[in-house]
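J.: Have a look at the structure that comes next, please.
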Amino acid sequence: MRLIYLISLIFFSCSSHASSKNIPKQIDSLITQYNQLDQFNGVVLVAKNGQPILKKGYGKANFEWGVDHQVTGKFRIASVTKQFTAMLVLQLVEQRKINLSDKIIDHIPEYRSDTGKRITIHQLLTHTSGLGNFFHLQEFKRIEARNPYSVIEFIQTLCSEDLLFEPGAQFKYSNAGYTILGHIIERVTKKTFEQVLIEQIFKPIGMLNSGFNGQNRFITHRVNGYERTLAGVKPAPFIDMSIPYSAGSIYSTVDDLLLWDHALSNNTLLSPKLTKVMYTVSPHYNYAAGWLVSQLDSAQYGQPLTQLYHGGGIQGFNSHIARIPEDNVLIVLLNNTGGAPMTAITDNIISTLYGKPINPAQPRMNQVLYKRLKENDIANATRWYQQQVSQNNGLNERRLNQFGYELLEVNEFDAAIAFFKLNVEAHPQSENVYDSLADGYIAISQYENALLQLTKAQQLSLSKSKYATKISEIKNKL
């Protein structure tokens with residue numbers, strides 16, 4: 001019996017070792033599939049116990065020159081920046097320079113007092129402040145390409161709206177909140193956010209290939225940003241990188257993010273007590289301080305596993321970092337064609353690491369729809385799409401709207417209007433779908449129809465003046 005047991009143990013060990021040796025190839029094959037389907041173009045790092053098991057580039061860092069991705073490429077990581085901002089705030093708490101219960105007004109006295117005296121630093125960290133995003137504001141759209149404001153002017157202009165709810169009562173993701181946190185860091189330290197970031201994080205742990213808001217600097221190995229359209233890739237629209245600021249202006253590499261993971265795992269930058277605060281979610285959502293926190297299904301994985309993660313998206317780029325602290329696993333995805341399915345890719349990598357079935361990469365719905373449009377006609381494509389909706393395989397409002405605009409971009413005007421109409425039918429109480437349908441009619445100079453749709457959007461809008469300029473311009477064309 002003992003001999004049989006030893007033989008079985010040796011066989012199991014050899015099989016397990018062979019299986020672990022295959023994991024890098026399996027992950028490589030998985031990412032290659034996403035790349036071939038035009039769903040990922042960038043650099044991937046998968047590490048365990050601090051050592052990379054896969055580190056590789058897929059696709060082009062520069063399409064114009066045909067330059068392949070290198071693992072040293074520097075990407076904008078967008079909202080992954082928030083975990084660095086949260087770390088700086090918690091370091092100041094540890095240094096007793098601020099308290100999590102401090103109010104905005106305690107550190108920015110010129111902030112509007114009626115809301116500033118109610119919102120705490122901890123609520124800003126956990127997106128429970130009641131502040132919204134500033135993307136919907138007309139002023140934001142006006143300054144996206146060139147920011148004329150100082151940080152405090154930006155905050156007073158775009159981060160001081162009326163509250164959406166009582167602070168601490170709900171969750172609402174807010175770039176405005178993290179912008180305010182960045183300025184609080186500057187007020188408390190009397191240094192720029194960038195200086196504090198370098199002194200407190202980048203230099204101590206050796207993140208020498210990362211930086212902040214570097215659009216006007218010469219940066220070696222800088223990756224270009226693109227958007228993927230139905231007609232292929234195109235350069236991403238310009239954004240003034242002073243706008244995302246402490247909510248999204250860091251660039252980095254996969255190796256530097258591995259150093260970040262080491263520092264977090266070893267409590268190099270923060271005590272265990274404050275690290276626990278960083279990973280403690282609010283009662284309203286699984287968001288802690290710069291990190292989302294989820295528990296993986298212990299029945300599926302055979303043990304309790306925690307996933308600490310965050311994604312980011314900005315013109316031309318999206319990023320994703322995920323950590324499983326129990327097994328010291330790190331997954332970093334950096335993409336430079338926007339809109340990659342980062343969560344699905346990460347989930348499949350985790351499944352591969354633990355020997356679980358994956359959900360194979362599939363063509364995007366917009367790719368399938370566009371192919372049907374080109375091979376058949378609008379009626380066939382819309383009919384097939386409605387069949388998918390009846391099977392709960394349709395696009396959500398935002399993605400269907402995006403598909404409509406992609407069609408406008410390739411001059412498929414009638415098709416765009418047809419899919420905008422489907423979105424109106426599916427979401428009749430959304431002002432945005434009527435606004436988008438109006439854009440479809442504007443593209444073919446049907447201004448009366450456009451005016452009708454804009455009027456419906458205005459009726460549904462909380463801000464009656466929001467569409468005034470656009471309506472006035474349409475009326476002038478009638």
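In the structure tokens, each chain is lettered A, B, ... as it comes, each chain's residues begin at 1, and ligands are numbered from 1 in order of appearance.
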Which polymer residues have any atom within 7 Å of an atom of Phe134 of chain A, counting only C-alpha atoms, with same-chain residues fewer than 6 positions away left out, as a ChimeraX atom specification?
T.: /A:140,158-159,176
J.: Please produce a file of those selected residues containing N, CA and C atoms, as a PDB file, in the first residue's frame.
T.:
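The resulting file, again23.pdb, is reproduced below:
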ATOM      1  N   PHE A 140     -16.791  70.884 -19.050  1.00  0.00           N
ATOM      2  CA  PHE A 140     -15.772  69.847 -19.214  1.00  0.00           C
ATOM      3  C   PHE A 140     -15.544  69.558 -20.692  1.00  0.00           C
ATOM      4  N   LEU A 158     -15.724  72.551 -11.674  1.00  0.00           N
ATOM      5  CA  LEU A 158     -16.234  71.248 -12.126  1.00  0.00           C
ATOM      6  C   LEU A 158     -16.430  70.209 -11.027  1.00  0.00           C
ATOM      7  N   CYS A 159     -15.977  70.476  -9.817  1.00  0.00           N
ATOM      8  CA  CYS A 159     -16.076  69.468  -8.746  1.00  0.00           C
ATOM      9  C   CYS A 159     -16.894  69.976  -7.562  1.00  0.00           C
ATOM     10  N   ALA A 176     -14.483  63.547  -9.512  1.00  0.00           N
ATOM     11  CA  ALA A 176     -14.430  64.825  -8.793  1.00  0.00           C
ATOM     12  C   ALA A 176     -13.885  64.623  -7.386  1.00  0.00           C
TER      13      ALA A 176
END
J.: Can you list every residue in segment 62-301 of chain A that DSSP puts in strand (DSSP E or B), as number ranges by chain?
T.: A: 62, 67-68, 74-76, 103, 120, 211-212, 222, 226-229, 232-235, 250-252, 282, 285, 287, 292-296
J.: Residues of segment 389-474 of chain A that have any atom at most 10 Å from an atom of segment 228-244 of chain A: could you tabulate them with the shortest-distance atom pair and the distance in Å to one decimal, using only C-alpha atoms, ordered by chain and increasing number, as JSON lines?
T.:
{"residue": "A:Phe403", "atom": "CA", "partner": "A:Leu230", "partner_atom": "CA", "distance": 8.9}
{"residue": "A:Tyr405", "atom": "CA", "partner": "A:Thr229", "partner_atom": "CA", "distance": 9.8}
{"residue": "A:Glu406", "atom": "CA", "partner": "A:Thr229", "partner_atom": "CA", "distance": 6.3}
{"residue": "A:Leu407", "atom": "CA", "partner": "A:Leu230", "partner_atom": "CA", "distance": 7.4}
{"residue": "A:Glu409", "atom": "CA", "partner": "A:Thr229", "partner_atom": "CA", "distance": 8.2}
{"residue": "A:Val410", "atom": "CA", "partner": "A:Ala231", "partner_atom": "CA", "distance": 6.8}
J.: Those residues with N, CA and C atoms, as a short mmCIF file (atom, residue, chain, number, x, y, z; two decimals), in the first residue's frame please?
T.:
data_model
loop_
_atom_site.label_atom_id
_atom_site.label_comp_id
_atom_site.auth_asym_id
_atom_site.auth_seq_id
_atom_site.Cartn_x
_atom_site.Cartn_y
_atom_site.Cartn_z
N PHE A 403 -22.27 51.89 -30.69
CA PHE A 403 -22.31 51.24 -32.00
C PHE A 403 -22.91 52.17 -33.04
N TYR A 405 -22.80 55.43 -33.07
CA TYR A 405 -21.81 56.45 -33.43
C TYR A 405 -20.67 55.87 -34.27
N GLU A 406 -20.32 54.61 -34.02
CA GLU A 406 -19.31 53.97 -34.87
C GLU A 406 -19.81 53.86 -36.31
N LEU A 407 -21.11 53.59 -36.47
CA LEU A 407 -21.69 53.52 -37.81
C LEU A 407 -21.66 54.89 -38.49
N GLU A 409 -19.49 57.10 -38.04
CA GLU A 409 -18.10 57.39 -38.37
C GLU A 409 -17.68 56.77 -39.70
N VAL A 410 -18.32 55.65 -40.06
CA VAL A 410 -17.98 55.01 -41.35
C VAL A 410 -19.06 55.30 -42.40
#
J.: Measure the distance from atom CA of Thr346 of chain A to atom CA of Gly302 of chain A in Å and round it to one decimal.
T.: 19.2 Å
J.: Please extract the residues of segment 138-309 of chain A with a backbone DSSP assignment of helix (DSSP H, G or I) and present them as number ranges by chain.
T.: A: 138-143, 151-158, 175-189, 193-205, 245-248, 254-265, 272-278, 298-301
J.: Rank A:Asn147, A:Asn380, A:Asn476, A:Gln362 by their smallest atom-to-atom distance to Leu451 of chain A, using only C-alpha atoms, and report the top residue only.
T.: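 Answer, going by the shortest atom-to-atom distance: A:Asn476.
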J.: Just the residues within 10 Å of Gln170 of chain A, please, counting only C-alpha atoms, with nothing from its chain fewer than 6 positions along; format it as a ChimeraX atom specification.
T.: /A:123,127-130,164,282-285
J.: Mind dumping the selected residues with C-alpha atoms as a short mmCIF file (atom, residue, chain, number, x, y, z; two decimals), in the first residue's frame?
T.:
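Written output follows (selection_34.cif):
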data_model
loop_
_atom_site.label_atom_id
_atom_site.label_comp_id
_atom_site.auth_asym_id
_atom_site.auth_seq_id
_atom_site.Cartn_x
_atom_site.Cartn_y
_atom_site.Cartn_z
CA GLN A 123 -16.25 59.37 1.85
CA HIS A 127 -17.00 57.28 -3.57
CA THR A 128 -19.77 57.78 -1.03
CA SER A 129 -19.49 61.59 -0.92
CA GLY A 130 -22.58 62.33 -3.00
CA LEU A 164 -26.65 63.60 -5.64
CA SER A 282 -18.22 50.68 2.29
CA PRO A 283 -21.65 49.24 3.20
CA HIS A 284 -22.99 50.39 -0.16
CA TYR A 285 -20.61 48.85 -2.69
#
J.: Env of Ile331 of chain A: 6 Å cut, atoms = only C-alpha atoms, seq-sep filter 6 positions within chain, self excluded. Answer as a PyMOL selection string.
T.: chain A and resi 45-46+321-322
J.: Which of these residues is nearest to Phe171 of chain A, using only C-alpha atoms: A:Pro109, A:Gly132, A:Gly440, A:Gly50?
T.: A:Gly132
J.: What's the 12 Å shell around Gln51 of chain A, counting only C-alpha atoms, without same-chain residues fewer than 3 positions away, as a list in words?
T.: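 Near Gln51 of chain A, the qualifying residues are Leu45, Val46, Ala47, Lys48, Leu54, Lys55, Asp255, Leu258, Leu259, Asp261, His262, Asn328, Val329, Leu330 and Ile331 of chain A.
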J.: Write out as a list in words the residues lying within 7 Å of Asn224 of chain A, counting only C-alpha atoms and excluding same-chain residues fewer than 4 positions away.
T.: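 The neighbour list is Ala61, Asn62 and Asn336 of chain A.
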J.: Need to verify the contact set: Ala247 of chain A, 7 Å, only C-alpha atoms, exclusion of same-chain residues closer than 6 positions in sequence. Can you return it as a PyMOL selection string?
T.: chain A and resi 79+81-82+175+178-179
J.: Using only C-alpha atoms, find the one residue out of A:Pro325, A:Pro357, A:Gly404, A:Gly182 that sits nearest to Ile155 of chain A.
T.: A:Gly182
J.: With distances taken over only C-alpha atoms, which residue among A:Val151, A:Lys466, A:Gly312, A:Asn449 lies nearest Leu478 of chain A?
T.: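 Nearest candidate to Leu478 of chain A out of A:Val151, A:Lys466, A:Gly312, A:Asn449: A:Asn449.
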J.: Could you check the closest approach to Ala468 of chain A for each of A:Ser436, A:Gln138, A:Ser160, A:Gln303 and tell me which residue wins, using only C-alpha atoms?
T.: A:Gln138
J.: Atom CA of Pro204 of chain A to atom CA of Thr85 of chain A: how many Å, to one decimal?
T.: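 According to the coordinates, atom CA of Pro204 of chain A and atom CA of Thr85 of chain A are separated by 15.7 Å.
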J.: Would you please work out which residue, of A:Ser294, A:Gln36, A:Ser265, A:Gln70, is nearest to Thr253 of chain A when using only C-alpha atoms?
T.: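 Checking each of A:Ser294, A:Gln36, A:Ser265, A:Gln70 against Thr253 of chain A, counting only C-alpha atoms, the winner is A:Gln70.
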